[in-house]
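Here's target.cif, which has mmCIF, C-alpha atoms:
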data_run
loop_
_atom_site.label_atom_id
_atom_site.label_comp_id
_atom_site.auth_asym_id
_atom_site.auth_seq_id
_atom_site.Cartn_x
_atom_site.Cartn_y
_atom_site.Cartn_z
CA MET D 633 123.52 87.09 95.80
CA ALA D 634 120.67 85.92 93.65
CA GLN D 635 119.69 82.34 93.06
CA PHE D 636 121.66 80.33 90.48
CA ILE D 637 125.00 81.90 91.53
CA ALA D 638 127.30 79.71 93.65
CA PHE D 639 128.65 81.37 96.78
CA ASP D 640 132.05 79.78 96.13
CA LYS D 641 133.48 78.87 92.70
CA ASN D 642 135.10 75.75 94.18
CA ALA D 643 131.89 74.28 95.59
CA GLU D 644 130.81 70.90 94.25
CA VAL D 645 127.61 68.89 94.39
CA ALA D 646 127.35 65.11 94.68
CA GLY D 647 126.46 63.10 91.61
CA HIS D 648 123.66 61.25 93.39
CA SER D 649 121.93 64.62 94.00
CA ILE D 650 122.25 65.50 90.33
CA LEU D 651 120.89 62.10 89.29
CA SER D 652 117.90 62.64 91.60
CA THR D 653 117.11 65.84 89.73
CA LEU D 654 117.53 64.22 86.32
CA SER D 655 115.30 61.28 87.26
CA THR D 656 112.40 63.61 88.04
CA PHE D 657 111.78 64.36 84.37
CA PRO D 658 109.59 62.15 82.20
CA GLU D 659 111.15 60.38 79.23
CA TYR D 660 109.74 62.82 76.68
CA TYR D 661 111.74 65.66 78.30
CA ARG D 662 114.83 63.60 79.03
CA ALA D 663 116.79 64.32 75.82
CA GLU D 664 116.43 68.09 76.22
CA ILE D 665 117.27 67.98 79.95
CA GLU D 666 120.33 65.82 79.25
CA GLN D 667 121.40 68.40 76.67
CA PHE D 668 121.23 71.11 79.36
CA PHE D 669 123.62 68.98 81.42
CA LYS D 670 125.99 68.53 78.47
CA ASP D 671 125.86 72.23 77.55
CA ASN D 672 126.93 73.09 81.11
CA ASN D 673 129.71 70.47 81.28
CA VAL D 674 127.90 68.28 83.80
CA THR D 675 128.84 64.96 82.23
CA ASN D 676 129.77 61.45 83.34
CA VAL D 677 127.50 61.76 86.35
CA THR D 678 127.54 58.75 88.66
CA PRO D 679 126.27 58.42 92.23
CA ASP D 680 129.86 58.81 93.51
CA SER D 681 131.01 61.63 91.24
CA TRP D 682 131.31 65.32 92.16
CA HIS D 683 130.54 68.25 89.87
CA SER D 684 130.82 72.00 89.89
CA GLN D 685 127.93 73.50 91.83
CA GLN D 686 127.92 76.48 89.48
CA SER D 687 127.57 74.21 86.46
CA TYR D 688 124.68 72.39 88.14
CA LEU D 689 123.07 75.73 89.00
CA ASN D 690 123.41 76.70 85.34
CA VAL D 691 121.45 73.55 84.45
CA CYS D 692 118.77 74.54 86.97
CA LYS D 693 118.62 78.00 85.42
CA ASP D 694 118.23 76.51 81.93
CA ILE D 695 115.40 74.30 83.20
CA SER D 696 113.74 77.29 84.86
CA THR D 697 114.06 79.42 81.73
CA ARG D 698 112.67 76.69 79.47
CA TYR D 699 110.00 75.13 81.70
CA GLY D 700 109.30 77.66 84.47
CA PRO D 701 109.15 77.67 88.26
CA SER D 702 106.50 74.94 88.54
CA THR D 703 108.90 72.48 86.94
CA LEU D 704 111.60 73.43 89.46
CA PHE D 705 109.10 72.97 92.28
CA ASN D 706 108.14 69.51 90.98
CA ALA D 707 111.81 68.58 90.62
CA GLY D 708 112.33 69.64 94.25
CA VAL D 709 109.37 67.51 95.33
CA ALA D 710 110.89 64.50 93.59
CA VAL D 711 114.33 65.13 95.10
CA GLY D 712 112.70 65.36 98.53
CA GLU D 713 111.02 62.01 97.88
CA SER D 714 114.44 60.42 97.45
CA VAL D 715 115.46 61.40 100.99
CA PRO D 716 114.80 58.51 103.40
CA PHE D 717 113.49 59.37 106.85
CA PRO D 718 113.51 56.79 109.61
CA PRO D 719 110.00 55.83 110.73
CA GLY D 720 108.64 58.27 113.27
CA THR D 721 110.82 61.21 112.20
CA THR D 722 109.12 64.33 113.48
CA LEU D 723 108.58 67.48 111.46
CA GLN D 724 110.90 69.36 113.80
CA ALA D 725 113.64 66.73 113.43
CA ALA D 726 113.28 66.66 109.64
CA PHE D 727 113.79 70.39 109.29
CA ALA D 728 116.44 70.57 112.00
CA GLY D 729 118.42 67.86 110.17
CA TRP D 730 118.05 69.31 106.68
CA ASN D 731 121.31 71.25 106.98
CA ASP D 732 123.30 68.07 107.67
CA ALA D 733 121.83 66.47 104.54
CA TYR D 734 122.56 69.61 102.52
CA LEU D 735 126.18 69.71 103.66
CA SER D 736 126.68 65.99 103.00
CA HIS D 737 125.77 66.58 99.33
CA HIS D 738 128.24 69.46 98.87
CA ARG D 739 131.98 69.90 99.30
CA ASN D 740 135.03 72.07 98.57
CA GLY D 741 133.35 75.38 99.08
CA TYR D 742 134.26 77.73 101.86
CA LEU D 743 130.80 79.22 101.54
CA MET D 744 128.27 76.60 100.51
CA GLY D 745 125.42 78.03 102.53
CA TYR D 746 123.20 76.45 105.14
CA ILE D 747 119.66 75.56 106.09
CA LYS D 748 118.45 76.45 109.57
CA LEU D 749 115.24 75.77 111.47
CA LEU D 750 114.61 79.21 113.01
CA SER D 751 111.47 78.42 114.95
CA PHE D 752 109.11 75.57 115.66
CA ASP D 753 105.89 76.21 117.57
CA PRO D 754 103.60 73.17 117.87
CA GLN D 755 100.88 75.21 119.63
CA ALA D 756 100.75 77.80 116.83
CA LYS D 757 101.30 74.98 114.30
CA LYS D 758 103.99 76.95 112.56
CA ALA D 759 107.67 76.61 111.77
CA VAL D 760 110.11 78.88 109.94
CA VAL D 761 113.17 77.70 108.01
CA GLU D 762 115.93 79.86 106.57
CA CYS D 763 117.73 78.55 103.50
CA LYS D 764 120.88 80.51 102.73
CA ASN D 765 122.27 78.97 99.58
CA PRO D 766 122.26 79.60 95.83
CA TYR D 767 119.56 77.13 94.82
CA PRO D 768 116.34 78.30 93.14
CA SER D 769 113.66 79.03 95.71
CA HIS D 770 110.95 77.10 93.84
CA PHE D 771 113.16 73.97 93.78
CA GLU D 772 113.92 74.34 97.47
CA ARG D 773 110.26 74.89 98.37
CA GLY D 774 109.51 71.61 96.60
CA ILE D 775 112.02 69.79 98.79
CA ALA D 776 110.62 71.47 101.92
CA THR D 777 107.08 70.56 100.89
CA THR D 778 108.00 66.90 100.56
CA PHE D 779 109.76 66.90 103.94
CA ALA D 780 106.68 68.50 105.50
CA ARG D 781 104.32 65.98 103.94
CA LYS D 782 106.47 62.99 104.89
CA CYS D 783 106.92 64.09 108.50
CA LYS D 784 103.76 66.04 109.26
CA PRO D 785 102.44 65.84 112.81
CA LYS D 786 100.00 62.98 113.38
CA ASP D 787 97.23 65.40 114.28
CA ALA D 788 97.69 67.47 111.10
CA ALA D 789 95.10 67.11 108.35
CA PHE D 790 96.85 69.59 106.04
CA ILE D 791 100.36 71.04 105.86
CA ASP D 792 101.63 73.87 103.69
CA VAL D 793 105.02 75.41 102.85
CA GLN D 794 105.20 78.93 101.47
CA LEU D 795 107.93 81.45 100.78
CA ASP D 796 107.73 84.20 103.40
CA ASN D 797 106.86 87.17 101.21
CA THR D 798 107.39 89.60 104.10
CA MET D 799 111.14 88.97 103.84
CA LYS D 800 113.53 89.61 100.95
CA SER D 801 114.39 86.39 99.16
CA ARG D 802 116.73 85.10 96.50
CA LEU D 803 114.00 86.02 94.02
CA ASP D 804 114.81 89.63 95.01
CA GLY D 805 118.60 89.14 94.98
CA ALA D 806 119.00 88.27 98.70
CA ASP D 807 121.21 85.42 99.95
CA SER D 808 118.41 83.64 101.80
CA CYS D 809 114.84 82.49 101.46
CA PHE D 810 112.57 82.01 104.45
CA TYR D 811 109.86 79.36 104.33
CA VAL D 812 106.86 79.26 106.61
CA ILE D 813 105.43 75.83 107.34
CA THR D 814 101.90 75.76 108.74
CA TRP D 815 99.52 72.93 109.50
CA ILE D 816 95.97 72.39 110.70
#

Write the structure described by the file as structure tokens, please.
Amino acid sequence: MAQFIAFDKNAEVAGHSILSTLSTFPEYYRAEIEQFFKDNNVTNVTPDSWHSQQSYLNVCKDISTRYGPSTLFNAGVAVGESVPFPPGTTLQAAFAGWNDAYLSHHRNGYLMGYIKLLSFDPQAKKAVVECKNPYPSHFERGIATTFARKCKPKDAAFIDVQLDNTMKSRLDGADSCFYVITWI
């Protein structure tokens, strides 16, 4: 499956996640972004409400079409900023726990996807994460980038998150994207 297509038509996303996305846009874009939400029947969003994942993905697709992948990346960065990490959370713990956070923001889908830390090598200063879900890869890389920056190892001067271009990704119609996290 390609990005923007829910794995399960019954899957829902939490309102507080949707509000995090909406809050990332400056006021001068807000009216148009809110119209994308209305056009896709994502209305009456409150922190405790639940909405069709497919409808939310349609909003993300509209944003991507209108504003491009950089805007999705920046929205992902902002969403990642809204995730609180306890002081001292390690990079490995942040990525290992991402799946639990993902699942807590989704419900009612037999197949909602997952996020898995595949490898973590502190000597090579490299980690690999698989994200098997329908979200846009640029949005997801923004979230991963924020997690990496918030929880980078103390001895790291620089940390980077990139889509593994040696693997098929949702950009190519695959179900998963693989992200490589490196630091120096």

**Q.** Contacts of range 751-755 of chain D within 12 Å, only C-alpha atoms, excl. fewer than 4 positions in-chain, as a list in words
**A.**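 Near range 751-755 of chain D, the qualifying residues are Thr722, Leu723, Gln724, Ala725, Ala726, Phe727, Ala728, Ala759, Val760, Val761, Glu762, Lys784, Pro785, Lys786, Asp787, Ala788, Phe810, Tyr811, Val812, Ile813, Thr814, Trp815 and Ile816 of chain D.
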
Q. Distance CA of Gly729 in chain D-CA of Phe669 in chain D, one decimal place?
A.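 It comes out at 29.2 Å.
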
Q: For CA of Tyr661 in chain D and CA of Phe636 in chain D, determine how far apart the two atoms are, in Å to one decimal place.
A: 21.5 Å

Q | Nearest residue to Ile695 in chain D from the set D:Asn731, D:Ser801, D:Thr653, D:Ser681 (distances using only C-alpha atoms) | A |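 Among the listed residues, D:Thr653 lies closest to Ile695 in chain D.
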
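With CA of Lys764 in chain D on one side and CA of Gly745 in chain D on the other, the separation reads 5.2 Å.
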